[in-house]
Amino acid sequence: MEISSIAQFSGLIENHFRDRGDTTVVYRGHGAASFKLCPKVGRHVPPKLSGRTHVNEALMLELFRRQSPDRIGIATTDDWEFLSIAQHHGMATRLLDWTRNPLAALYFAVCKKDESWDAEGRPQHEDAEIIAWRRPKVDLTKPPKGSPLKIKQVIKYVPRITTPRLRVQSGLFTVHPNPKEEFAPPGVLRIRIPYLQRKELKDSLYRHGLNESVLF
């Protein structure tokens with residue numbers, strides 16, 4: 001499907017994306033329609049001298065744990081929470097961001113002029129995309145067990161509100177056992193935003209009160 005205005009997007013939400021019984025819809029926006037649903041850590045390549053084929057996530061998490069106590073403002077020893085906080089501070093993790101707020105997803109889809117470049121560093125001028133995913137509601141009475149680095153299947157994770165960004169962005173995550181593997185969940189609808197409409201949609205969101213100062 002394709003949209004070029006907030007009104008069109010709102011019509012989709014009202015007609016197709018309402019909660020149904022035990023299912024709800026979550027969203028993800030990205031500025032390049034070619035983007036594959038792989039967590040950031042799965043897209044990173046270790047330095048050649050390391051001799052590793054995968055980024056050392058356990059070391060990254062431990063370094064974050066040791067260096068963050070005076071900065072994150074909360075008391076936690078939970079690896080799931082640490083990963084969600086690290087994700088929102090820009091660390092590459094095996095988490096994929098989703099939101100329950102469709103307009104937040106639209107913002108992330110159009111907020112940058114370009115998000116992909118060719119081999120020579122030139123912008124690709126791609127269409128943007130929003131993914132709307134109808135999925136079962138998360139049972140918050142059953143928190144994840146074990147280590148997030150040792151899971152065997154994709155976990156849907158709704159963290160405690162540990163940072164203001166999680167609250168204002170209505171954030172939640174999927175956590176992936178193999179971050180290099182593309183995520184292809186059932187029940188997904190992809191909504192295309194033409195490249196030339198991106199700036200107008202960003203301006204429209206600003207007029208509706210959704211901008212950097214609200215989401216960050």
# chains A, B, ... in the order shown; residues from 1 in each chain; ligands from 1
$ closest_atom_pairs --of "stretch 135-202 of chain A" --to "stretch 87-103 of chain A" --cutoff "7 Å" --atoms "only C-alpha atoms" --output "Markdown table"
| residue | atom | partner | partner_atom | distance |
| --- | --- | --- | --- | --- |
| A:Gln169 | CA | A:Thr99 | CA | 6.5 |
| A:Ser170 | CA | A:Thr99 | CA | 5.3 |
| A:Gly171 | CA | A:Thr99 | CA | 4.6 |
| A:Leu172 | CA | A:Trp98 | CA | 5.3 |
| A:Phe173 | CA | A:Asp97 | CA | 4.9 |
| A:Thr174 | CA | A:Leu96 | CA | 5.3 |
| A:Val175 | CA | A:Leu95 | CA | 4.6 |
| A:His176 | CA | A:Arg94 | CA | 5.6 |
| A:Pro179 | CA | A:Arg94 | CA | 5.5 |
$ write_last_selection --atoms "N, CA, C and O atoms" --output "PDB file, in the first residue's frame"
ATOM      1  N   GLN A 169       7.788   7.363  22.983  1.00  0.00           N
ATOM      2  CA  GLN A 169       7.758   6.658  21.704  1.00  0.00           C
ATOM      3  C   GLN A 169       6.893   5.399  21.757  1.00  0.00           C
ATOM      4  O   GLN A 169       6.793   4.683  20.763  1.00  0.00           O
ATOM      5  N   SER A 170       6.270   5.124  22.911  1.00  0.00           N
ATOM      6  CA  SER A 170       5.444   3.913  23.078  1.00  0.00           C
ATOM      7  C   SER A 170       6.215   2.688  22.598  1.00  0.00           C
ATOM      8  O   SER A 170       5.710   1.877  21.813  1.00  0.00           O
ATOM      9  N   GLY A 171       7.444   2.562  23.088  1.00  0.00           N
ATOM     10  CA  GLY A 171       8.354   1.569  22.552  1.00  0.00           C
ATOM     11  C   GLY A 171       8.200   0.171  23.119  1.00  0.00           C
ATOM     12  O   GLY A 171       7.804  -0.020  24.267  1.00  0.00           O
ATOM     13  N   LEU A 172       8.488  -0.800  22.283  1.00  0.00           N
ATOM     14  CA  LEU A 172       8.626  -2.195  22.663  1.00  0.00           C
ATOM     15  C   LEU A 172       9.604  -2.834  21.681  1.00  0.00           C
ATOM     16  O   LEU A 172      10.042  -2.180  20.731  1.00  0.00           O
ATOM     17  N   PHE A 173       9.946  -4.105  21.909  1.00  0.00           N
ATOM     18  CA  PHE A 173      11.010  -4.713  21.116  1.00  0.00           C
ATOM     19  C   PHE A 173      10.653  -6.133  20.712  1.00  0.00           C
ATOM     20  O   PHE A 173       9.858  -6.804  21.364  1.00  0.00           O
ATOM     21  N   THR A 174      11.301  -6.580  19.629  1.00  0.00           N
ATOM     22  CA  THR A 174      11.490  -8.002  19.412  1.00  0.00           C
ATOM     23  C   THR A 174      12.964  -8.289  19.669  1.00  0.00           C
ATOM     24  O   THR A 174      13.839  -7.475  19.337  1.00  0.00           O
ATOM     25  N   VAL A 175      13.239  -9.442  20.293  1.00  0.00           N
ATOM     26  CA  VAL A 175      14.602  -9.850  20.622  1.00  0.00           C
ATOM     27  C   VAL A 175      14.897 -11.104  19.812  1.00  0.00           C
ATOM     28  O   VAL A 175      14.101 -12.052  19.824  1.00  0.00           O
ATOM     29  N   HIS A 176      16.046 -11.138  19.128  1.00  0.00           N
ATOM     30  CA  HIS A 176      16.271 -12.132  18.087  1.00  0.00           C
ATOM     31  C   HIS A 176      17.417 -13.089  18.427  1.00  0.00           C
ATOM     32  O   HIS A 176      18.515 -12.643  18.785  1.00  0.00           O
ATOM     33  N   PRO A 179      20.768 -12.507  15.205  1.00  0.00           N
ATOM     34  CA  PRO A 179      20.599 -11.140  14.713  1.00  0.00           C
ATOM     35  C   PRO A 179      20.925 -10.955  13.233  1.00  0.00           C
ATOM     36  O   PRO A 179      20.520  -9.960  12.641  1.00  0.00           O
TER      37      PRO A 179
END
$ closest_atom_pairs --of "stretch 98-134 of chain A" --to "stretch 183-196 of chain A" --cutoff "6 Å" --atoms "only C-alpha atoms" --output "JSON lines"
{"residue": "A:Glu126", "atom": "CA", "partner": "A:Tyr195", "partner_atom": "CA", "distance": 5.8}
{"residue": "A:Asp127", "atom": "CA", "partner": "A:Tyr195", "partner_atom": "CA", "distance": 4.3}
{"residue": "A:Ala128", "atom": "CA", "partner": "A:Ile193", "partner_atom": "CA", "distance": 5.0}
{"residue": "A:Glu129", "atom": "CA", "partner": "A:Arg192", "partner_atom": "CA", "distance": 4.7}
{"residue": "A:Ile130", "atom": "CA", "partner": "A:Ile191", "partner_atom": "CA", "distance": 5.0}
{"residue": "A:Ile131", "atom": "CA", "partner": "A:Arg190", "partner_atom": "CA", "distance": 4.7}
{"residue": "A:Ala132", "atom": "CA", "partner": "A:Leu189", "partner_atom": "CA", "distance": 5.2}
{"residue": "A:Trp133", "atom": "CA", "partner": "A:Val188", "partner_atom": "CA", "distance": 4.4}
{"residue": "A:Arg134", "atom": "CA", "partner": "A:Gly187", "partner_atom": "CA", "distance": 5.4}
$ select_by_dssp --residues "stretch 144-207 of chain A" --states "helix (DSSP H, G or I)" --output "number ranges by chain"
A: 148-150, 164-168, 195-207
$ write_last_selection --atoms "N, CA and C atoms" --output "PDB file, in the first residue's frame"
ATOM      1  N   PRO A 148      18.927 -12.875  27.463  1.00  0.00           N
ATOM      2  CA  PRO A 148      18.513 -12.503  26.103  1.00  0.00           C
ATOM      3  C   PRO A 148      19.520 -12.915  25.048  1.00  0.00           C
ATOM      4  N   LEU A 149      20.760 -13.226  25.473  1.00  0.00           N
ATOM      5  CA  LEU A 149      21.782 -13.640  24.515  1.00  0.00           C
ATOM      6  C   LEU A 149      21.738 -15.145  24.236  1.00  0.00           C
ATOM      7  N   LYS A 150      20.820 -15.859  24.910  1.00  0.00           N
ATOM      8  CA  LYS A 150      20.758 -17.310  24.745  1.00  0.00           C
ATOM      9  C   LYS A 150      19.361 -17.798  24.362  1.00  0.00           C
ATOM     10  N   PRO A 164      12.829   8.054  29.420  1.00  0.00           N
ATOM     11  CA  PRO A 164      11.706   8.850  28.916  1.00  0.00           C
ATOM     12  C   PRO A 164      11.365   8.537  27.463  1.00  0.00           C
ATOM     13  N   ARG A 165      12.373   8.163  26.671  1.00  0.00           N
ATOM     14  CA  ARG A 165      12.111   7.864  25.252  1.00  0.00           C
ATOM     15  C   ARG A 165      11.149   6.702  25.090  1.00  0.00           C
ATOM     16  N   LEU A 166      11.302   5.679  25.932  1.00  0.00           N
ATOM     17  CA  LEU A 166      10.400   4.533  25.824  1.00  0.00           C
ATOM     18  C   LEU A 166       8.951   4.953  26.017  1.00  0.00           C
ATOM     19  N   ARG A 167       8.730   5.875  26.944  1.00  0.00           N
ATOM     20  CA  ARG A 167       7.362   6.318  27.203  1.00  0.00           C
ATOM     21  C   ARG A 167       6.816   7.127  26.028  1.00  0.00           C
ATOM     22  N   VAL A 168       7.550   8.154  25.607  1.00  0.00           N
ATOM     23  CA  VAL A 168       7.004   9.041  24.578  1.00  0.00           C
ATOM     24  C   VAL A 168       6.940   8.369  23.214  1.00  0.00           C
ATOM     25  N   TYR A 195       9.431   8.800  -2.124  1.00  0.00           N
ATOM     26  CA  TYR A 195      10.555   9.639  -1.705  1.00  0.00           C
ATOM     27  C   TYR A 195      10.194  11.125  -1.732  1.00  0.00           C
ATOM     28  N   LEU A 196       9.520  11.570  -2.785  1.00  0.00           N
ATOM     29  CA  LEU A 196       9.231  12.990  -2.942  1.00  0.00           C
ATOM     30  C   LEU A 196       8.187  13.492  -1.949  1.00  0.00           C
ATOM     31  N   GLN A 197       7.500  12.561  -1.243  1.00  0.00           N
ATOM     32  CA  GLN A 197       6.501  12.964  -0.253  1.00  0.00           C
ATOM     33  C   GLN A 197       7.070  13.036   1.161  1.00  0.00           C
ATOM     34  N   ARG A 198       8.299  12.634   1.331  1.00  0.00           N
ATOM     35  CA  ARG A 198       8.847  12.532   2.690  1.00  0.00           C
ATOM     36  C   ARG A 198       8.889  13.872   3.406  1.00  0.00           C
ATOM     37  N   LYS A 199       9.414  14.898   2.752  1.00  0.00           N
ATOM     38  CA  LYS A 199       9.541  16.200   3.420  1.00  0.00           C
ATOM     39  C   LYS A 199       8.159  16.756   3.762  1.00  0.00           C
ATOM     40  N   GLU A 200       7.202  16.648   2.851  1.00  0.00           N
ATOM     41  CA  GLU A 200       5.868  17.172   3.126  1.00  0.00           C
ATOM     42  C   GLU A 200       5.220  16.454   4.310  1.00  0.00           C
ATOM     43  N   LEU A 201       5.437  15.136   4.408  1.00  0.00           N
ATOM     44  CA  LEU A 201       4.888  14.395   5.543  1.00  0.00           C
ATOM     45  C   LEU A 201       5.583  14.787   6.845  1.00  0.00           C
ATOM     46  N   LYS A 202       6.884  15.006   6.809  1.00  0.00           N
ATOM     47  CA  LYS A 202       7.588  15.456   8.009  1.00  0.00           C
ATOM     48  C   LYS A 202       7.065  16.822   8.446  1.00  0.00           C
ATOM     49  N   ASP A 203       6.859  17.730   7.498  1.00  0.00           N
ATOM     50  CA  ASP A 203       6.317  19.059   7.821  1.00  0.00           C
ATOM     51  C   ASP A 203       4.907  18.934   8.386  1.00  0.00           C
ATOM     52  N   SER A 204       4.128  18.030   7.815  1.00  0.00           N
ATOM     53  CA  SER A 204       2.762  17.828   8.300  1.00  0.00           C
ATOM     54  C   SER A 204       2.757  17.307   9.733  1.00  0.00           C
ATOM     55  N   LEU A 205       3.654  16.370  10.027  1.00  0.00           N
ATOM     56  CA  LEU A 205       3.772  15.874  11.402  1.00  0.00           C
ATOM     57  C   LEU A 205       4.146  17.007  12.354  1.00  0.00           C
ATOM     58  N   TYR A 206       5.037  17.895  11.906  1.00  0.00           N
ATOM     59  CA  TYR A 206       5.421  19.030  12.743  1.00  0.00           C
ATOM     60  C   TYR A 206       4.208  19.912  13.036  1.00  0.00           C
ATOM     61  N   ARG A 207       3.364  20.135  12.015  1.00  0.00           N
ATOM     62  CA  ARG A 207       2.167  20.951  12.227  1.00  0.00           C
ATOM     63  C   ARG A 207       1.194  20.275  13.185  1.00  0.00           C
TER      64      ARG A 207
END
$ atom_distance --atom1 "atom CA of A:Arg135" --atom2 "atom CA of A:Leu83"
22.5 Å
$ residues_around --residues "A:Ala105" --least-positions-apart "4" --cutoff "6 Å" --atoms "only C-alpha atoms" --output "PyMOL selection string"
chain A and resi 27-29
$ closest_residue --among "A:Phe108, A:Trp117, A:Phe64, A:Phe35" --to "A:Ala86" --atoms "only C-alpha atoms"
A:Phe64
$ closest_residue --among "A:Lys145, A:Arg66, A:Lys180, A:Ser4" --to "A:His54" --atoms "only C-alpha atoms"
A:Lys180
$ select_by_dssp --residues "stretch 34-157 of chain A" --states "strand (DSSP E or B)" --output "list in words"
Leu95, Leu96, Asp97, Trp98, Thr99, Trp117, Pro123, Ala128, Glu129, Ile130, Ile131, Ala132, Trp133, Arg134, Arg135, Pro136, Ile155, Lys156 and Tyr157 of chain A
$ residues_around --residues "A:Ile74" --least-positions-apart "5" --cutoff "12 Å" --atoms "only C-alpha atoms" --output "list of chain:residue names"
A:Arg65, A:Ser68, A:Pro69, A:Glu81, A:Phe82, A:Ile85, A:Arg160, A:Ile161, A:Thr162, A:Thr163, A:Pro164
